[in-house]
Amino acid sequence: MAFAALFLRDLRLVWRRPGDVAVVLAFFVVATVLFPLGIGPESNLLARIAAGVLWAAALFASLLSLDRLFAADHEDGALDLMLLAPWPLELAVLAKCAAHWMVTGLPLAVLAPLLGVAFGLDAESLAALALTLLVGTPALSLIGGLAAALTLGARRSGALLALLALPLCVPTLIFGASAIEVTATGESVWVHVAILGALALVSLATLPWAIAAALRQAGE
Amino acid sequence: MFGLYLPRTWSPQSHVQPLRRRSAVLSLSPDRTAIFFSGWSNAAMVRRRRMTSAVLEVSDLACRRGGRQVFDNLSFSLAEGELLALKGRNGSGKTTLLRALALLVPATVGAIRWRGADVGDDREGWRRRLAWLGHQDGLKGDLTVAENVAVAERLRGRNPRQAHVHGALAAFDLAALADRAVRTLSAGQRRRAALARVVASEAGLWLLDEPLNALDLPAQEALHDALARHLAAGGLAIAATHATLDIAGARTLELGR
């Protein structure tokens, strides 16, 4: 019940202030659309770089909203209430990361295929793009959550967060982008999806504890 | 009244003084052969009751923060219905003590016991007994006052009834503001909403950091009433404050001396 309460609270907060999510999605759209505009109508080149560009833009967009994941709770004192709640802090972390994924990862996975059209991706690649983002973005929310917790209260926390999170997101980025590329050669996308799923599960199994430890440290 | 008969060689100078320190009401027979005990003085009875029914016991607590010893050798106990006001200058460690009691800050040494059991052995059980009011109100600006109180209750694992939430809000004259977003409230109104959250928790021990901050006189009276009801129901409270809490029998612990 407490998990659901925190998850729904964060969703309700986003619902009351939709601008925060709109900025993330707008950034994703603008960042990706700049490439076709800059490179020009070379469909072969655009299709070849589409996977990397869309995945990298999704990663940056996801990070954009992460610096407020715990900072808002830290500033208004709600983090103390989370730390003092009579249930594991790891579950609270999971609830917050799940809510973050719901309002960033999921919309990005839905939006990405629409933008993929601008890069001239075929239907199979568009489906692979949506699928890999759906499976891979939970890992981004968790890795970003760890960086957000570690940089809590630090000056220039946004830049620090990106520096910490981006290297850790590289494996997810590589397997996410390569999954779309292999569809062009006729190979199965499921191997890459399985690896992305494994990365997400490893993040799920380990990072909530690390994030909770960082939050306890920040609460002292 | 009962008497203790003493041998002829007994000397009152060597024995009566230690007994008097315990504040017992003692009388000596005219021939100095017996000492009569007719009860404990009022102060001693209160002390004895506290000693025997201490719920919260803090012993030899010490805390270091940022390489500085904030306090050490801190010991006190609280019985049901007692309020401890933490006093001291800025930086004397009032907030640190509250955070150490809530286990948000690790104590260097010392023990915190609740009904004889170390609170560190059952952290979740200990947190269930606490209601916390920090420097910040802990309220989300985009939620309404009632939603904030209800969510806080759910985070404590309770499913609050609407009447329960509104009862807590009414205690701080917030019924009319229940559906207002917290970000539209004044600092004093937000503090009242945070105090309503504490009242709604029905926790046994209230830890309050400057609870009177930003409160006007009627709100201060409402806090005193809420505290009095909490203490009368057997609750405990520890409040760090520079102001005086108008609660009968409140004890004071001066920090930083």
# chains A, B, ... in the order shown; residues from 1 in each chain; ligands from 1

$ closest_atom_pairs --of "chain A" --to "chain B" --cutoff "10 Å" --atoms "only C-alpha atoms" --output "tab-separated table"
residue	atom	partner	partner_atom	distance
A:Met1	CA	B:Gly157	CA	6.5
A:Ala2	CA	B:Leu155	CA	4.7
A:Phe3	CA	B:Leu155	CA	7.7
A:Ala4	CA	B:Arg154	CA	8.9
A:Ala5	CA	B:Arg154	CA	6.1
A:Leu6	CA	B:Leu155	CA	7.0
A:Leu8	CA	B:Val151	CA	9.4
A:Arg9	CA	B:Val151	CA	7.3
A:Asp10	CA	B:Lys140	CA	9.9
A:Arg12	CA	B:Leu143	CA	8.1
A:Leu13	CA	B:Asp142	CA	6.1
A:Val14	CA	B:Asp142	CA	9.0
A:Trp15	CA	B:Asp142	CA	9.5
A:Arg16	CA	B:Asp142	CA	6.4
A:Arg17	CA	B:Asp142	CA	7.6
A:Ala72	CA	B:Lys140	CA	8.8
A:Asp73	CA	B:Gly138	CA	7.8
A:His74	CA	B:Gly138	CA	8.9
A:Glu75	CA	B:Gln136	CA	7.8
A:Asp76	CA	B:Gly138	CA	5.2
A:Gly77	CA	B:Gly138	CA	4.0
A:Ala78	CA	B:Gly138	CA	4.1
A:Leu79	CA	B:Gly138	CA	7.5
A:Asp80	CA	B:Gly138	CA	7.5
A:Leu81	CA	B:Gly138	CA	7.0
A:Met82	CA	B:Leu155	CA	7.4
A:Leu83	CA	B:Leu104	CA	7.5
A:Leu84	CA	B:Arg127	CA	5.6
A:Ala85	CA	B:Arg156	CA	5.4
A:Pro86	CA	B:Glu124	CA	4.5
A:Trp87	CA	B:Glu124	CA	6.2
A:Pro88	CA	B:Glu124	CA	8.0
A:Ala92	CA	B:Leu155	CA	9.1
A:Arg216	CA	B:Leu104	CA	7.4
A:Gln217	CA	B:Val105	CA	8.8
A:Ala218	CA	B:Leu104	CA	9.8
A:Gly219	CA	B:Leu104	CA	6.5
A:Glu220	CA	B:Val105	CA	4.9

$ residues_around --residues "segment 110-120 of chain A" --least-positions-apart "2" --cutoff "6 Å" --atoms "only C-alpha atoms" --output "VMD selection string"
chain A and resid 43 46 to 47 50 107 to 108 126

$ write_last_selection --atoms "N, CA and C atoms" --output "PDB file, in the first residue's frame"
ATOM      1  N   SER A  43      18.626   9.701 -47.188  1.00  0.00           N
ATOM      2  CA  SER A  43      17.867   8.704 -46.436  1.00  0.00           C
ATOM      3  C   SER A  43      18.733   7.535 -45.969  1.00  0.00           C
ATOM      4  N   LEU A  46      20.749   8.753 -42.943  1.00  0.00           N
ATOM      5  CA  LEU A  46      19.842   8.987 -41.806  1.00  0.00           C
ATOM      6  C   LEU A  46      19.382   7.668 -41.199  1.00  0.00           C
ATOM      7  N   ALA A  47      19.036   6.719 -42.046  1.00  0.00           N
ATOM      8  CA  ALA A  47      18.560   5.427 -41.542  1.00  0.00           C
ATOM      9  C   ALA A  47      19.663   4.711 -40.779  1.00  0.00           C
ATOM     10  N   ALA A  50      20.100   6.520 -37.399  1.00  0.00           N
ATOM     11  CA  ALA A  50      18.849   6.735 -36.649  1.00  0.00           C
ATOM     12  C   ALA A  50      18.874   6.072 -35.268  1.00  0.00           C
ATOM     13  N   PRO A 107       6.655   7.280 -22.316  1.00  0.00           N
ATOM     14  CA  PRO A 107       6.329   8.226 -23.407  1.00  0.00           C
ATOM     15  C   PRO A 107       7.418   8.292 -24.476  1.00  0.00           C
ATOM     16  N   LEU A 108       8.682   8.168 -24.067  1.00  0.00           N
ATOM     17  CA  LEU A 108       9.782   8.190 -25.047  1.00  0.00           C
ATOM     18  C   LEU A 108       9.682   6.985 -25.974  1.00  0.00           C
ATOM     19  N   LEU A 126      11.203   0.343 -36.748  1.00  0.00           N
ATOM     20  CA  LEU A 126      10.411   1.187 -35.840  1.00  0.00           C
ATOM     21  C   LEU A 126       9.892   0.364 -34.664  1.00  0.00           C
TER      22      LEU A 126
END

$ select_by_dssp --residues "segment 9-142 of chain A" --states "alpha helix (DSSP H)" --output "PyMOL selection string"
chain A and resi 9-16+19-39+43-66+71-76+78-83+89-100+106-118+123-142

$ residues_around --residues "Leu166 of chain A" --least-positions-apart "5" --cutoff "10 Å" --atoms "only C-alpha atoms" --output "PDB file with N, CA and C atoms, in the first residue's frame"
ATOM      1  N   ALA A  56      20.479   7.879 -28.117  1.00  0.00           N
ATOM      2  CA  ALA A  56      21.252   8.889 -27.368  1.00  0.00           C
ATOM      3  C   ALA A  56      20.347  10.037 -26.929  1.00  0.00           C
ATOM      4  N   LEU A  59      18.294   8.948 -24.074  1.00  0.00           N
ATOM      5  CA  LEU A  59      19.122   8.922 -22.856  1.00  0.00           C
ATOM      6  C   LEU A  59      19.266  10.326 -22.263  1.00  0.00           C
ATOM      7  N   PHE A  60      19.585  11.304 -23.119  1.00  0.00           N
ATOM      8  CA  PHE A  60      19.731  12.687 -22.636  1.00  0.00           C
ATOM      9  C   PHE A  60      18.402  13.211 -22.081  1.00  0.00           C
ATOM     10  N   LEU A  63      17.739  11.801 -18.704  1.00  0.00           N
ATOM     11  CA  LEU A  63      18.580  12.416 -17.661  1.00  0.00           C
ATOM     12  C   LEU A  63      18.094  13.810 -17.284  1.00  0.00           C
ATOM     13  N   LEU A 140      17.751   2.901 -17.483  1.00  0.00           N
ATOM     14  CA  LEU A 140      18.168   4.314 -17.476  1.00  0.00           C
ATOM     15  C   LEU A 140      17.603   5.041 -16.256  1.00  0.00           C
ATOM     16  N   ILE A 143      19.660   3.746 -13.198  1.00  0.00           N
ATOM     17  CA  ILE A 143      21.045   4.257 -13.184  1.00  0.00           C
ATOM     18  C   ILE A 143      21.029   5.762 -12.923  1.00  0.00           C
ATOM     19  N   GLY A 144      20.125   6.459 -13.570  1.00  0.00           N
ATOM     20  CA  GLY A 144      19.990   7.900 -13.338  1.00  0.00           C
ATOM     21  C   GLY A 144      19.576   8.185 -11.908  1.00  0.00           C
ATOM     22  N   ALA A 147      22.643   8.125  -9.778  1.00  0.00           N
ATOM     23  CA  ALA A 147      23.417   9.365  -9.953  1.00  0.00           C
ATOM     24  C   ALA A 147      22.708  10.525  -9.255  1.00  0.00           C
ATOM     25  N   LEU A 161      25.463  14.773 -12.341  1.00  0.00           N
ATOM     26  CA  LEU A 161      24.574  13.633 -12.578  1.00  0.00           C
ATOM     27  C   LEU A 161      24.831  13.041 -13.960  1.00  0.00           C
ATOM     28  N   PRO A 171      26.440   0.519 -21.823  1.00  0.00           N
ATOM     29  CA  PRO A 171      26.018  -0.817 -22.284  1.00  0.00           C
ATOM     30  C   PRO A 171      24.571  -0.830 -22.801  1.00  0.00           C
ATOM     31  N   LEU A 173      22.910   1.668 -24.019  1.00  0.00           N
ATOM     32  CA  LEU A 173      22.886   2.425 -25.272  1.00  0.00           C
ATOM     33  C   LEU A 173      23.391   1.557 -26.434  1.00  0.00           C
TER      34      LEU A 173
END

$ residues_around --residues "segment 184-200 of chain B" --least-positions-apart "4" --cutoff "6 Å" --atoms "only C-alpha atoms" --output "compact mmCIF listing (two decimals) with N, CA and C atoms, in the first residue's frame"
# COMPACT_ATOMS: atom_id res chain seq x y z
N ALA B 131 6.46 10.35 15.05
CA ALA B 131 5.91 11.36 14.13
C ALA B 131 6.95 12.46 14.05
N ASP B 137 8.65 21.56 6.10
CA ASP B 137 7.34 21.03 6.45
C ASP B 137 7.09 19.63 5.91
N VAL B 149 -1.74 15.11 3.96
CA VAL B 149 -1.91 14.37 5.21
C VAL B 149 -2.23 12.91 4.91
N ALA B 168 -7.92 15.83 12.00
CA ALA B 168 -6.58 16.37 12.27
C ALA B 168 -6.46 17.79 11.72
N LEU B 169 -7.04 18.02 10.55
CA LEU B 169 -6.99 19.37 9.96
C LEU B 169 -7.79 20.36 10.80
N PHE B 172 -6.23 22.19 13.66
CA PHE B 172 -5.41 23.38 13.36
C PHE B 172 -6.16 24.36 12.47
N ALA B 214 6.70 30.30 12.58
CA ALA B 214 5.72 30.91 11.67
C ALA B 214 4.28 30.81 12.16
N LEU B 215 4.07 30.30 13.38
CA LEU B 215 2.68 30.16 13.86
C LEU B 215 2.22 31.45 14.54

$ residues_around --residues "Met102 of chain A" --least-positions-apart "5" --cutoff "10 Å" --atoms "only C-alpha atoms" --output "list in words"
Phe7, Leu11, Lys96, Cys97, Pro107, Leu108, Thr137, Pro138 and Ser141 of chain A

$ residues_around --residues "Ala184 of chain A" --least-positions-apart "5" --cutoff "9 Å" --atoms "only C-alpha atoms" --output "PyMOL selection string"
chain A and resi 122+124-125
